[in-house]
Amino acid sequence: FWLDRGVGGFRVDVAHALIKKTGLPDWGGRADGASSEGFPGEAAPMFGQAGIHDIYRSWRKILDEYDGDRVLCAEANVDPLDRLTDWVRPDEMHQAFNFAYLHHPWNAPELRRIIETSLTTFDQVGAPTTWVLSNHDVVRHVSRLGLKANELRLGDGIGPEDAQPDHVLGMARARAATLLMLALPGGVYLYQGEELGLPDHTLIPQEFRQDPTFHRTDGVRVGRDGSRVPLPWRADAPSFGFSSTGKSWLPQPDIWGAHSRDSQEHNPDSTLNMYRAALRLRREMDLGHGSLAWWPEHDAEGAVAFANGSILAVMNMGTEPVELPGFEILQESSPGAVEGTRLHPNRTVWMRIP
């Protein structure tokens with residue numbers, strides 16, 4: 001039906017859960033199927049059963065009958081990472097969301113490990129690696145990276161009673177993380193509103209919350225509403241341009257006026273225009289079809305640095321400035337990220353390799 005109408009493809013939600021193990025055995029592990037002590041994720045009887053792959057092979061045959069690029073993308077929260085490649089073998093899906101990357105901590109060695117493992121693992125089946133930092137099930141990365149401890153349980157949000165993120169820190173880190181991600185080879189997925197630098201709405205009053213997680217746990221877990229609030233389009237319009245009545249299914253925080261699209265449109269230093277500039281360079285330099293080589297001159301503990309074609313991307317995840325080569329600067333994650341030949345902490349830069 002939809003392919004006949006020209007859709008480019010399908011994102012399959014919870015792609016690992018179409019089939020349950022015969023007999024429906026009990027499971028004493030985590031409800032989300034993630035590995036825990038004594039309960040490895042691959043043993044979960046409700047996820048990742050072998051018969052699933054026959055279904056996706058049949059779907060892939062249908063997509064291959066159509067002209068043009070039609071894509072199947074798996075939203076499959078599977079661990080360890082090498083199990084995820086089962087979904088993107090040559091006769092199954094084209095891509096799968098990389099949740100290991102989405103949940104990476106603000107730690108340079110660990111981020112380098114995840115990037116390298118992702119590329120190596122997906123290369124084994126000839127599939128492109130994907131990269132993603134936010135979606136509708138997690139705290140937006142502006143807020144997540146502004147927490148002193150940014151590891152949150154999947155499906156958890158930040159509520160009024162919780163420690164609040166450092167918005168300035170989170171914004172700097174989020175822009176840096178985005179710019180590094182956009183320099184990586186493979187497929188990049190952006191979540192609506194991240195191009196505006198939106199934080200989570202962490203102060204939603206209880207009476208407005210709609211996520212079943214909140215109601216099932218009697219508010220112990222606030223759920224995902226904070227990342228699902230309608231976008232701000234115009235700073236001076238009712239509900240920031242979402243509706244003419246000023247109403248929306250979740251309340252918008254007042255600070256979103258400063259993040260509205262019209263407020264950022266003509267500001268060259270805005271998050272919106274940083275995304276636009278980086279995406280334009282990514283297309284022009286074909287970085288998605290490129291390759292990655294670690295830049296050995298910047299293997300300091302706090303730095304993540306790699307070359308992709310003629311681009312050198314360096315992110316400083318440490319607390320001290322990182323010395324840079326004297327190459328031409330093409331893009332900075334934030335204004336003034338580079339001072340002289342030094343990259344400030346929580347910043348990323350793209351440079352042209354001569």
# chains A, B, ... in the order shown; residues from 1 in each chain; ligands from 1
call {"tool": "select_by_dssp", "arguments": {"residues": "stretch 96-208 of chain A", "states": "alpha helix (DSSP H)", "output": "ChimeraX atom specification"}}
result
/A:99-102,108-123,141-144,167-182
call {"tool": "residues_around", "arguments": {"residues": "A:Ala307", "least_positions_apart": "5", "cutoff": "7 Å", "atoms": "only C-alpha atoms", "output": "list in words"}}
result
Leu292, Ala293, Trp294, Trp295, Leu312 and Ala313 of chain A
call {"tool": "closest_residue", "arguments": {"among": "A:Gln49, A:Gln331, A:Thr319, A:Thr217", "to": "A:His344", "atoms": "only C-alpha atoms"}}
result
A:Thr319
call {"tool": "closest_residue", "arguments": {"among": "A:Asp32, A:Glu332, A:Asp269, A:Glu110", "to": "A:Ala44", "atoms": "only C-alpha atoms"}}
result
A:Asp32
call {"tool": "closest_residue", "arguments": {"among": "A:Met46, A:Met317, A:Leu133, A:Leu18", "to": "A:Arg112", "atoms": "only C-alpha atoms"}}
result
A:Met317
call {"tool": "residues_around", "arguments": {"residues": "A:Leu147", "least_positions_apart": "3", "cutoff": "8 Å", "atoms": "only C-alpha atoms", "output": "PyMOL selection string"}}
result
chain A and resi 143-144+150+163-166+170
call {"tool": "write_last_selection", "arguments": {"atoms": "N, CA, C and O atoms", "output": "compact mmCIF listing (two decimals), in the first residue's frame"}}
result
# COMPACT_ATOMS: atom_id res chain seq x y z
N SER A 143 19.93 17.90 27.43
CA SER A 143 19.73 17.72 28.87
C SER A 143 20.55 16.55 29.41
O SER A 143 21.13 16.64 30.49
N ARG A 144 20.61 15.48 28.67
CA ARG A 144 21.33 14.29 29.14
C ARG A 144 22.80 14.59 29.38
O ARG A 144 23.39 14.17 30.38
N ASN A 150 25.37 11.21 33.35
CA ASN A 150 24.41 11.24 32.25
C ASN A 150 23.89 9.87 31.84
O ASN A 150 23.30 9.72 30.79
N ALA A 163 17.64 16.06 40.15
CA ALA A 163 18.70 17.04 39.88
C ALA A 163 18.54 17.54 38.45
O ALA A 163 18.39 16.75 37.52
N GLN A 164 18.57 18.85 38.30
CA GLN A 164 18.34 19.45 36.99
C GLN A 164 19.65 19.58 36.20
O GLN A 164 20.71 19.81 36.77
N PRO A 165 19.56 19.41 34.87
CA PRO A 165 20.77 19.50 34.06
C PRO A 165 21.34 20.92 34.05
O PRO A 165 20.63 21.91 34.24
N ASP A 166 22.64 21.01 33.83
CA ASP A 166 23.31 22.27 33.58
C ASP A 166 23.11 22.58 32.10
O ASP A 166 23.74 21.99 31.23
N GLY A 170 25.26 21.41 28.96
CA GLY A 170 24.61 20.45 28.08
C GLY A 170 24.53 20.94 26.65
O GLY A 170 24.73 20.15 25.71
call {"tool": "residues_around", "arguments": {"residues": "A:Lys21", "least_positions_apart": "5", "cutoff": "12 Å", "atoms": "only C-alpha atoms", "output": "list of chain:residue names"}}
result
A:Asp26, A:Trp27, A:Glu42, A:Ala43, A:Ala44, A:Pro45, A:Met46, A:Phe47, A:Gly48, A:Gln49, A:Ala50, A:Gly51, A:Ile52
call {"tool": "write_last_selection", "arguments": {"atoms": "all heavy atoms", "output": "mmCIF file, in the first residue's frame"}}
result
data_model
loop_
_atom_site.group_PDB
_atom_site.id
_atom_site.type_symbol
_atom_site.label_atom_id
_atom_site.label_comp_id
_atom_site.auth_asym_id
_atom_site.auth_seq_id
_atom_site.Cartn_x
_atom_site.Cartn_y
_atom_site.Cartn_z
ATOM 1 N N ASP A 26 8.837 -18.409 31.151
ATOM 2 C CA ASP A 26 9.038 -17.268 32.045
ATOM 3 C C ASP A 26 10.425 -16.670 31.822
ATOM 4 O O ASP A 26 11.365 -17.340 31.389
ATOM 5 C CB ASP A 26 8.897 -17.691 33.502
ATOM 6 C CG ASP A 26 7.467 -18.043 33.871
ATOM 7 O OD1 ASP A 26 6.556 -17.623 33.129
ATOM 8 O OD2 ASP A 26 7.272 -18.746 34.872
ATOM 9 N N TRP A 27 10.548 -15.405 32.180
ATOM 10 C CA TRP A 27 11.820 -14.676 32.024
ATOM 11 C C TRP A 27 12.063 -13.909 33.314
ATOM 12 O O TRP A 27 11.261 -13.078 33.731
ATOM 13 C CB TRP A 27 11.727 -13.720 30.831
ATOM 14 C CG TRP A 27 12.826 -12.709 30.693
ATOM 15 C CD1 TRP A 27 12.694 -11.349 30.807
ATOM 16 C CD2 TRP A 27 14.201 -12.948 30.379
ATOM 17 N NE1 TRP A 27 13.897 -10.730 30.579
ATOM 18 C CE2 TRP A 27 14.852 -11.686 30.326
ATOM 19 C CE3 TRP A 27 14.960 -14.094 30.158
ATOM 20 C CZ2 TRP A 27 16.208 -11.548 30.053
ATOM 21 C CZ3 TRP A 27 16.308 -13.954 29.876
ATOM 22 C CH2 TRP A 27 16.926 -12.704 29.827
ATOM 23 N N GLU A 42 20.627 -12.295 24.999
ATOM 24 C CA GLU A 42 20.331 -13.205 23.891
ATOM 25 C C GLU A 42 19.418 -14.357 24.311
ATOM 26 O O GLU A 42 18.881 -15.074 23.459
ATOM 27 C CB GLU A 42 21.618 -13.759 23.282
ATOM 28 C CG GLU A 42 22.530 -14.482 24.251
ATOM 29 C CD GLU A 42 23.629 -13.585 24.790
ATOM 30 O OE1 GLU A 42 23.378 -12.377 24.956
ATOM 31 O OE2 GLU A 42 24.735 -14.097 25.036
ATOM 32 N N ALA A 43 19.212 -14.554 25.640
ATOM 33 C CA ALA A 43 18.338 -15.626 26.117
ATOM 34 C C ALA A 43 16.903 -15.153 26.339
ATOM 35 O O ALA A 43 16.036 -15.975 26.664
ATOM 36 C CB ALA A 43 18.891 -16.206 27.418
ATOM 37 N N ALA A 44 16.630 -13.877 26.177
ATOM 38 C CA ALA A 44 15.280 -13.358 26.417
ATOM 39 C C ALA A 44 14.286 -14.034 25.474
ATOM 40 O O ALA A 44 14.455 -13.982 24.254
ATOM 41 C CB ALA A 44 15.256 -11.847 26.226
ATOM 42 N N PRO A 45 13.231 -14.658 25.998
ATOM 43 C CA PRO A 45 12.319 -15.427 25.143
ATOM 44 C C PRO A 45 11.366 -14.567 24.325
ATOM 45 O O PRO A 45 10.669 -15.087 23.451
ATOM 46 C CB PRO A 45 11.551 -16.287 26.149
ATOM 47 C CG PRO A 45 11.545 -15.473 27.404
ATOM 48 C CD PRO A 45 12.874 -14.767 27.429
ATOM 49 N N MET A 46 11.323 -13.267 24.600
ATOM 50 C CA MET A 46 10.371 -12.412 23.882
ATOM 51 C C MET A 46 11.046 -11.585 22.794
ATOM 52 O O MET A 46 10.387 -10.858 22.062
ATOM 53 C CB MET A 46 9.632 -11.487 24.864
ATOM 54 C CG MET A 46 10.488 -10.483 25.606
ATOM 55 S SD MET A 46 11.483 -11.220 26.931
ATOM 56 C CE MET A 46 12.012 -9.763 27.836
ATOM 57 N N PHE A 47 12.374 -11.675 22.695
ATOM 58 C CA PHE A 47 13.102 -10.850 21.739
ATOM 59 C C PHE A 47 14.094 -11.694 20.937
ATOM 60 O O PHE A 47 14.650 -12.678 21.431
ATOM 61 C CB PHE A 47 13.900 -9.746 22.445
ATOM 62 C CG PHE A 47 13.053 -8.719 23.158
ATOM 63 C CD1 PHE A 47 13.506 -8.129 24.321
ATOM 64 C CD2 PHE A 47 11.817 -8.350 22.670
ATOM 65 C CE1 PHE A 47 12.739 -7.172 24.987
ATOM 66 C CE2 PHE A 47 11.044 -7.406 23.324
ATOM 67 C CZ PHE A 47 11.508 -6.809 24.485
ATOM 68 N N GLY A 48 14.324 -11.273 19.718
ATOM 69 C CA GLY A 48 15.424 -11.794 18.925
ATOM 70 C C GLY A 48 15.322 -13.247 18.530
ATOM 71 O O GLY A 48 16.348 -13.900 18.323
ATOM 72 N N GLN A 49 14.129 -13.777 18.371
ATOM 73 C CA GLN A 49 13.981 -15.174 17.964
ATOM 74 C C GLN A 49 14.336 -15.352 16.489
ATOM 75 O O GLN A 49 14.151 -14.446 15.667
ATOM 76 C CB GLN A 49 12.557 -15.650 18.226
ATOM 77 C CG GLN A 49 12.112 -15.512 19.681
ATOM 78 C CD GLN A 49 13.028 -16.248 20.647
ATOM 79 O OE1 GLN A 49 13.192 -17.457 20.540
ATOM 80 N NE2 GLN A 49 13.632 -15.515 21.578
ATOM 81 N N ALA A 50 14.842 -16.533 16.161
ATOM 82 C CA ALA A 50 15.393 -16.757 14.824
ATOM 83 C C ALA A 50 14.371 -16.528 13.712
ATOM 84 O O ALA A 50 14.698 -16.040 12.624
ATOM 85 C CB ALA A 50 15.963 -18.173 14.732
ATOM 86 N N GLY A 51 13.116 -16.859 13.964
ATOM 87 C CA GLY A 51 12.100 -16.735 12.930
ATOM 88 C C GLY A 51 11.842 -15.324 12.465
ATOM 89 O O GLY A 51 11.271 -15.098 11.384
ATOM 90 N N ILE A 52 12.245 -14.351 13.262
ATOM 91 C CA ILE A 52 12.069 -12.950 12.887
ATOM 92 C C ILE A 52 12.753 -12.660 11.560
ATOM 93 O O ILE A 52 12.230 -11.923 10.709
ATOM 94 C CB ILE A 52 12.636 -12.031 13.990
ATOM 95 C CG1 ILE A 52 11.705 -12.011 15.195
ATOM 96 C CG2 ILE A 52 12.864 -10.618 13.476
ATOM 97 C CD1 ILE A 52 12.227 -11.215 16.366
#
call {"tool": "closest_residue", "arguments": {"among": "A:Ala74, A:Leu145, A:Ala177, A:Leu190", "to": "A:His16", "atoms": "only C-alpha atoms"}}
result
A:Ala74
